[in-house]
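Student: So that we are looking at the same thing, I have put the structure below in structure tokens.
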Amino acid sequence: MKFVRKEIGKMPIEEYAPDEQKGVKSNMALNINPFGVSKKVLNRLKSIKESTITHYYSENRDLLKAIAKYTEVSSQNILLGDGCDGCLEMIAHTFVESNDEVLIPTPTFHRYEFHVNMMGGKVRFSPMLNFELKAEKILALTNKHQFKILFLCNPNNPTGVPINKSELQKIIKCFKGLIVIDEALADGTNVSSISLLKKHKNLIITRSFSKIMGLAALRIGYIVANKELIQQIRKITSPFKANGLAQELALEAVKDVTHVEISVKNIAKQREYLFNELDKINLEYTDSITTNFLLDISSLNKNTEKIISNLKKNGVLVTDTKAFKLSKKSYLRIAVSNKQENKFFIKEIKKIK
Ligand SMILES: Cc1ncc(COP(=O)(O)O)c(C=O)c1O
């Protein structure tokens, strides 16, 4: 179209998350905390003052302090954004220029590619080996290309697999561009790279309140990085940006560490249940440490789209893996749900078998 930027013209419209709750008995597509939000957040919601939603709001200092305590950095190392996705957008807007080369190992979350494309950057994908990131492969590519940014997702979406610590360290030691590590799924795991920020000034970490904290609809996330990088990214934020309600509720969520710990334990228990049941019917899956994993359905010898639509007819939602850039089509992305919904999913999968 005549007036539209060329990057936008060639892009498809990505639909909003569909509201498909009608008739759903088992939602294995959500990829959020299946045990919900902290009771403390719900109690706080009941006592929100009118001015929280009628006045312009600035950054909530108490929230910054609480995130700083939770992540063991200083408040100056944190910048809030509209969800982790909003943080990724700010990063792309600050650093990606037209024709900059950016490296994205696959399969992974599709929004890194989106934000780079929006800025006219050039994405190079590097398929992982058996869903594992290999430093040698990444670093070999850096001999041929000058990458401005490397996007990593740890633990990874869709596999739930964490990056091997020594492979990650080799990459961080040698990669010359910026390294953005998306830790949206890292709460309650021990994979975080936040402790490396002091030593490596080219590291940027993004986090989310949508996942284990359960605040997806409030659209709040944060960037953790060294002060100089935070100040540069801050330049592109709007003075009207801060969402007062989201910040007040996020403050309760981040202070309730017990809720995070209990949720992580319960998710692990449900994940084990699913894995044991899938073992019984010889279906393979990725070695996830978080809510999501890939289920290999190639042994079912059936068309993937058909399986997805039949599951849906029977009340089970799973995620199509097209967006993740997998080398094979025969995978479903499964997100751990609560006991009842997981049981229903297993019953329906066994019917296909
Ligand atoms: C790995 C990963 N990063 C970021 C996001 C976006 O999270 P947010 O809701 O905080 O924007 C998601 C959401 O699915 C995700 O899976």
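By order of appearance in the structure tokens: chains A, B, ..., then residues from 1 within every chain, and ligands from 1 in the order shown.
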In region 90-292 of chain A, what's strand (DSSP E) per DSSP? Answer as a ChimeraX atom specification?
Tutor: /A:101-106,122-127,147-153,178-182,203-208,221-225,284-285,292
Student: Could the residues in this selection be saved with N, CA and C atoms as a CSV table (one decimal), in the first residue's frame?
Tutor:
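So selection-v8.csv came out as:
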chain,number,residue,atom,x,y,z
A,101,GLU,N,22.3,-6.9,11.2
A,101,GLU,CA,22.1,-8.4,11.2
A,101,GLU,C,21.9,-8.8,12.7
A,102,VAL,N,20.9,-9.7,12.8
A,102,VAL,CA,20.5,-10.2,14.2
A,102,VAL,C,20.5,-11.7,14.1
A,103,LEU,N,21.0,-12.4,15.1
A,103,LEU,CA,21.0,-13.8,15.1
A,103,LEU,C,20.0,-14.4,16.1
A,104,ILE,N,19.2,-15.4,15.6
A,104,ILE,CA,18.2,-16.0,16.5
A,104,ILE,C,18.2,-17.5,16.3
A,105,PRO,N,18.7,-18.2,17.4
A,105,PRO,CA,18.7,-19.7,17.3
A,105,PRO,C,17.2,-20.2,17.3
A,106,THR,N,16.9,-21.3,16.6
A,106,THR,CA,15.6,-21.8,16.5
A,106,THR,C,15.5,-23.3,16.9
A,122,LYS,N,17.9,-7.4,9.7
A,122,LYS,CA,18.0,-8.7,8.9
A,122,LYS,C,18.2,-9.9,9.9
A,123,VAL,N,17.2,-10.8,9.9
A,123,VAL,CA,17.3,-11.9,10.9
A,123,VAL,C,18.0,-13.1,10.2
A,124,ARG,N,19.0,-13.7,10.9
A,124,ARG,CA,19.5,-14.9,10.5
A,124,ARG,C,19.2,-16.0,11.6
A,125,PHE,N,18.6,-17.1,11.1
A,125,PHE,CA,18.2,-18.1,12.1
A,125,PHE,C,19.3,-19.2,12.1
A,126,SER,N,19.5,-19.8,13.3
A,126,SER,CA,20.5,-20.9,13.4
A,126,SER,C,19.8,-22.0,14.1
A,127,PRO,N,19.4,-23.1,13.4
A,127,PRO,CA,18.7,-24.2,14.1
A,127,PRO,C,19.6,-24.8,15.2
A,147,PHE,N,27.0,-9.5,13.9
A,147,PHE,CA,25.7,-9.4,14.4
A,147,PHE,C,25.6,-8.3,15.4
A,148,LYS,N,24.5,-7.5,15.3
A,148,LYS,CA,24.3,-6.5,16.3
A,148,LYS,C,23.7,-7.1,17.6
A,149,ILE,N,22.8,-8.0,17.4
A,149,ILE,CA,22.2,-8.7,18.6
A,149,ILE,C,22.0,-10.2,18.4
A,150,LEU,N,22.2,-10.9,19.5
A,150,LEU,CA,21.8,-12.3,19.6
A,150,LEU,C,20.7,-12.4,20.6
A,151,PHE,N,19.6,-13.0,20.1
A,151,PHE,CA,18.4,-13.2,21.0
A,151,PHE,C,18.4,-14.6,21.5
A,152,LEU,N,18.4,-14.8,22.8
A,152,LEU,CA,18.3,-16.2,23.4
A,152,LEU,C,17.1,-16.2,24.3
A,153,CYS,N,16.5,-17.4,24.5
A,153,CYS,CA,15.3,-17.6,25.3
A,153,CYS,C,15.7,-18.7,26.3
A,178,LEU,N,25.3,-7.2,21.2
A,178,LEU,CA,24.5,-7.3,22.4
A,178,LEU,C,23.9,-8.7,22.5
A,179,ILE,N,23.8,-9.2,23.7
A,179,ILE,CA,23.1,-10.5,23.9
A,179,ILE,C,21.8,-10.2,24.8
A,180,VAL,N,20.7,-10.5,24.1
A,180,VAL,CA,19.4,-10.3,24.9
A,180,VAL,C,19.0,-11.7,25.3
A,181,ILE,N,18.8,-11.9,26.6
A,181,ILE,CA,18.3,-13.2,27.1
A,181,ILE,C,16.9,-13.0,27.7
A,182,ASP,N,16.0,-13.6,27.0
A,182,ASP,CA,14.6,-13.5,27.5
A,182,ASP,C,14.4,-14.6,28.5
A,203,LEU,N,25.1,-7.5,28.0
A,203,LEU,CA,24.0,-8.4,28.3
A,203,LEU,C,22.8,-7.6,28.7
A,204,ILE,N,21.6,-8.1,28.1
A,204,ILE,CA,20.3,-7.5,28.5
A,204,ILE,C,19.4,-8.6,28.8
A,205,ILE,N,18.7,-8.5,29.9
A,205,ILE,CA,17.8,-9.6,30.3
A,205,ILE,C,16.3,-9.1,30.4
A,206,THR,N,15.4,-9.8,29.8
A,206,THR,CA,14.0,-9.4,29.9
A,206,THR,C,13.2,-10.4,30.7
A,207,ARG,N,12.3,-9.9,31.5
A,207,ARG,CA,11.5,-10.7,32.4
A,207,ARG,C,10.0,-10.4,32.3
A,208,SER,N,9.2,-11.2,32.8
A,208,SER,CA,7.7,-11.0,32.6
A,208,SER,C,7.0,-11.2,34.0
A,221,GLY,N,6.2,-6.1,32.4
A,221,GLY,CA,7.5,-6.8,32.4
A,221,GLY,C,8.6,-5.9,32.7
A,222,TYR,N,9.9,-6.4,32.7
A,222,TYR,CA,11.0,-5.5,33.0
A,222,TYR,C,12.3,-5.9,32.3
A,223,ILE,N,13.1,-4.9,32.1
A,223,ILE,CA,14.5,-5.2,31.5
A,223,ILE,C,15.4,-5.1,32.7
A,224,VAL,N,16.4,-6.0,32.7
A,224,VAL,CA,17.5,-5.9,33.7
A,224,VAL,C,18.8,-5.8,32.9
A,225,ALA,N,19.6,-4.7,33.1
A,225,ALA,CA,20.8,-4.5,32.3
A,225,ALA,C,21.7,-3.5,33.1
A,284,GLU,N,7.3,-39.1,22.7
A,284,GLU,CA,8.5,-38.3,23.2
A,284,GLU,C,8.2,-36.8,23.4
A,285,TYR,N,9.0,-36.2,24.3
A,285,TYR,CA,8.8,-34.8,24.6
A,285,TYR,C,10.1,-34.2,24.9
A,292,ASN,N,6.1,-25.1,29.6
A,292,ASN,CA,5.8,-25.6,28.2
A,292,ASN,C,6.8,-26.6,27.8
Student: As a quick test: using only C-alpha atoms and all ligand atoms, which residues lie no more than 7 Å away from ligand 1? Give them as a PyMOL selection string.
Tutor: chain A and resi 31+82-86+109+153+156-157+182-185+207-210+216+219-221
Student: May I ask for the distance between CA of Thr142 (chain A) and CA of Phe175 (chain A), given in Å to one decimal place?
Tutor: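 Answer for the CA of Thr142 (chain A) to CA of Phe175 (chain A) separation: 7.5 Å.
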Student: Within 8 Å of region 297-304 of chain A, counting only C-alpha atoms, which residues qualify if same-chain residues fewer than 6 places away don't, as a PDB file with C-alpha atoms, in the first residue's frame?
Tutor:
ATOM      1  CA  LEU A 283       5.288 -40.379  23.015  1.00  0.00           C
ATOM      2  CA  GLU A 284       8.476 -38.337  23.177  1.00  0.00           C
ATOM      3  CA  LYS A 329       5.853 -30.289  11.530  1.00  0.00           C
ATOM      4  CA  SER A 330       4.903 -33.147  13.822  1.00  0.00           C
ATOM      5  CA  TYR A 331       5.048 -31.347  17.157  1.00  0.00           C
ATOM      6  CA  LEU A 332       2.493 -29.831  19.465  1.00  0.00           C
ATOM      7  CA  ILE A 352      -5.723 -40.873  19.267  1.00  0.00           C
ATOM      8  CA  LYS A 353      -3.037 -43.459  20.013  1.00  0.00           C
TER       9      LYS A 353
END
Student: Rank A:Ser51, A:Gln21, A:Asn130, A:Thr189 by their smallest atom-to-atom distance to Thr286 (chain A), using only C-alpha atoms, and report the top residue only.
Tutor: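 Answer, going by the shortest atom-to-atom distance: A:Asn130.
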Student: Between CA of Pro158 (chain A) and CA of Ile334 (chain A), what is the distance, to one decimal in Å?
Tutor: 8.3 Å
Student: Applying 6 Å and only C-alpha atoms, which residues near region 307-321 of chain A remain after dropping the ones on its own chain fewer than 4 positions away? List them as a list in words.
Tutor: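 Here the qualifying residues turn out to be Gly23, Val24, Lys25, Ser26, Asn27, Met28, Ala29, Leu332, Arg333 and Ile334 of chain A.
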Student: Run DSSP on the backbone and grab whatever in region 68-254 of chain A lands in helix (DSSP H, G or I); send it over as a PyMOL selection string.
Tutor: chain A and resi 68-71+75-77+83-95+111-118+135-144+165-174+194-196+216-218+227-234+244-254
Student: For the selection just defined, write its residues with C-alpha atoms to a file, as a PDB file, in the first residue's frame.
Tutor:
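Final output, saved to again.pdb:
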ATOM      1  CA  ALA A  68      15.664  -5.063  42.552  1.00  0.00           C
ATOM      2  CA  LYS A  69      15.482  -7.130  45.738  1.00  0.00           C
ATOM      3  CA  TYR A  70      13.926 -10.091  43.892  1.00  0.00           C
ATOM      4  CA  THR A  71      16.574 -10.047  41.143  1.00  0.00           C
ATOM      5  CA  SER A  75      16.869  -0.232  40.975  1.00  0.00           C
ATOM      6  CA  GLN A  76      19.000   1.627  38.426  1.00  0.00           C
ATOM      7  CA  ASN A  77      19.435  -1.637  36.545  1.00  0.00           C
ATOM      8  CA  GLY A  83       5.049  -7.034  29.329  1.00  0.00           C
ATOM      9  CA  CYS A  84       8.227  -8.790  28.323  1.00  0.00           C
ATOM     10  CA  ASP A  85       7.091  -8.310  24.718  1.00  0.00           C
ATOM     11  CA  GLY A  86       6.978  -4.540  25.237  1.00  0.00           C
ATOM     12  CA  CYS A  87      10.517  -4.750  26.629  1.00  0.00           C
ATOM     13  CA  LEU A  88      11.676  -6.638  23.534  1.00  0.00           C
ATOM     14  CA  GLU A  89      10.087  -3.950  21.385  1.00  0.00           C
ATOM     15  CA  MET A  90      11.914  -1.179  23.284  1.00  0.00           C
ATOM     16  CA  ILE A  91      15.199  -3.047  22.843  1.00  0.00           C
ATOM     17  CA  ALA A  92      14.667  -3.405  19.087  1.00  0.00           C
ATOM     18  CA  HIS A  93      13.680   0.270  18.788  1.00  0.00           C
ATOM     19  CA  THR A  94      16.774   1.389  20.672  1.00  0.00           C
ATOM     20  CA  PHE A  95      19.380  -0.765  18.972  1.00  0.00           C
ATOM     21  CA  ARG A 111       8.489 -12.081  18.710  1.00  0.00           C
ATOM     22  CA  TYR A 112      12.246 -11.467  18.470  1.00  0.00           C
ATOM     23  CA  GLU A 113      11.998 -11.860  14.700  1.00  0.00           C
ATOM     24  CA  PHE A 114       8.918  -9.630  14.585  1.00  0.00           C
ATOM     25  CA  HIS A 115      10.535  -6.723  16.421  1.00  0.00           C
ATOM     26  CA  VAL A 116      13.719  -6.922  14.352  1.00  0.00           C
ATOM     27  CA  ASN A 117      11.707  -6.990  11.114  1.00  0.00           C
ATOM     28  CA  MET A 118       9.759  -3.939  12.260  1.00  0.00           C
ATOM     29  CA  ALA A 135      28.334 -22.273  21.419  1.00  0.00           C
ATOM     30  CA  GLU A 136      30.591 -23.560  18.655  1.00  0.00           C
ATOM     31  CA  LYS A 137      27.827 -23.195  16.063  1.00  0.00           C
ATOM     32  CA  ILE A 138      26.856 -19.698  17.205  1.00  0.00           C
ATOM     33  CA  LEU A 139      30.435 -18.473  17.366  1.00  0.00           C
ATOM     34  CA  ALA A 140      31.286 -19.969  13.956  1.00  0.00           C
ATOM     35  CA  LEU A 141      28.567 -17.761  12.468  1.00  0.00           C
ATOM     36  CA  THR A 142      30.074 -14.688  14.076  1.00  0.00           C
ATOM     37  CA  ASN A 143      33.214 -15.211  11.959  1.00  0.00           C
ATOM     38  CA  LYS A 144      31.132 -14.574   8.841  1.00  0.00           C
ATOM     39  CA  LYS A 165      25.460 -23.175  31.504  1.00  0.00           C
ATOM     40  CA  SER A 166      28.932 -23.718  30.058  1.00  0.00           C
ATOM     41  CA  GLU A 167      27.696 -23.305  26.452  1.00  0.00           C
ATOM     42  CA  LEU A 168      26.051 -20.023  27.470  1.00  0.00           C
ATOM     43  CA  GLN A 169      29.187 -18.838  29.225  1.00  0.00           C
ATOM     44  CA  LYS A 170      31.294 -19.557  26.120  1.00  0.00           C
ATOM     45  CA  ILE A 171      28.871 -17.508  24.028  1.00  0.00           C
ATOM     46  CA  ILE A 172      28.758 -14.614  26.493  1.00  0.00           C
ATOM     47  CA  LYS A 173      32.555 -14.566  26.713  1.00  0.00           C
ATOM     48  CA  CYS A 174      33.085 -14.334  22.939  1.00  0.00           C
ATOM     49  CA  ILE A 194      21.368 -11.774  36.015  1.00  0.00           C
ATOM     50  CA  SER A 195      24.492 -12.414  38.123  1.00  0.00           C
ATOM     51  CA  LEU A 196      26.605 -12.047  34.933  1.00  0.00           C
ATOM     52  CA  ALA A 216      -0.648 -11.549  31.706  1.00  0.00           C
ATOM     53  CA  ALA A 217      -3.580  -9.190  31.114  1.00  0.00           C
ATOM     54  CA  LEU A 218      -1.926  -6.339  33.037  1.00  0.00           C
ATOM     55  CA  LYS A 227      22.850   1.351  34.055  1.00  0.00           C
ATOM     56  CA  GLU A 228      24.218   2.797  30.787  1.00  0.00           C
ATOM     57  CA  LEU A 229      22.106   0.495  28.620  1.00  0.00           C
ATOM     58  CA  ILE A 230      19.012   1.142  30.750  1.00  0.00           C
ATOM     59  CA  GLN A 231      19.484   4.901  30.308  1.00  0.00           C
ATOM     60  CA  GLN A 232      19.656   4.558  26.528  1.00  0.00           C
ATOM     61  CA  ILE A 233      16.517   2.412  26.364  1.00  0.00           C
ATOM     62  CA  ARG A 234      14.737   4.793  28.768  1.00  0.00           C
ATOM     63  CA  GLY A 244      -0.519   2.578  37.695  1.00  0.00           C
ATOM     64  CA  LEU A 245      -2.809  -0.379  38.290  1.00  0.00           C
ATOM     65  CA  ALA A 246      -0.399  -2.892  36.766  1.00  0.00           C
ATOM     66  CA  GLN A 247       2.460  -1.542  38.873  1.00  0.00           C
ATOM     67  CA  GLU A 248       0.549  -1.639  42.159  1.00  0.00           C
ATOM     68  CA  LEU A 249      -0.526  -5.231  41.572  1.00  0.00           C
ATOM     69  CA  ALA A 250       2.898  -6.283  40.287  1.00  0.00           C
ATOM     70  CA  LEU A 251       4.333  -5.004  43.568  1.00  0.00           C
ATOM     71  CA  GLU A 252       2.188  -7.473  45.530  1.00  0.00           C
ATOM     72  CA  ALA A 253       3.066 -10.267  43.105  1.00  0.00           C
ATOM     73  CA  VAL A 254       6.844  -9.815  43.274  1.00  0.00           C
TER      74      VAL A 254
END
Student: Between CA of Ala186 (chain A) and CA of Asn164 (chain A), what is the spacing in Å?
Tutor: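 Between these atoms lies a distance of 13.8 Å.
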Student: From the set A:Ile32, A:Leu133, A:Val73, A:Val191, which residue has the shortest atom-to-atom contact distance to Gly214 (chain A), counting only C-alpha atoms?
Tutor: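 Result for the nearest residue to Gly214 (chain A): A:Ile32.
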Student: Tell me, as a VMD selection string, which residues lie within 9 Å of Ser263 (chain A), counting only C-alpha atoms; anything in the same chain fewer than 2 positions away does not count.
Tutor: chain A and resid 33 to 36 188 212 258 to 261 265 to 268
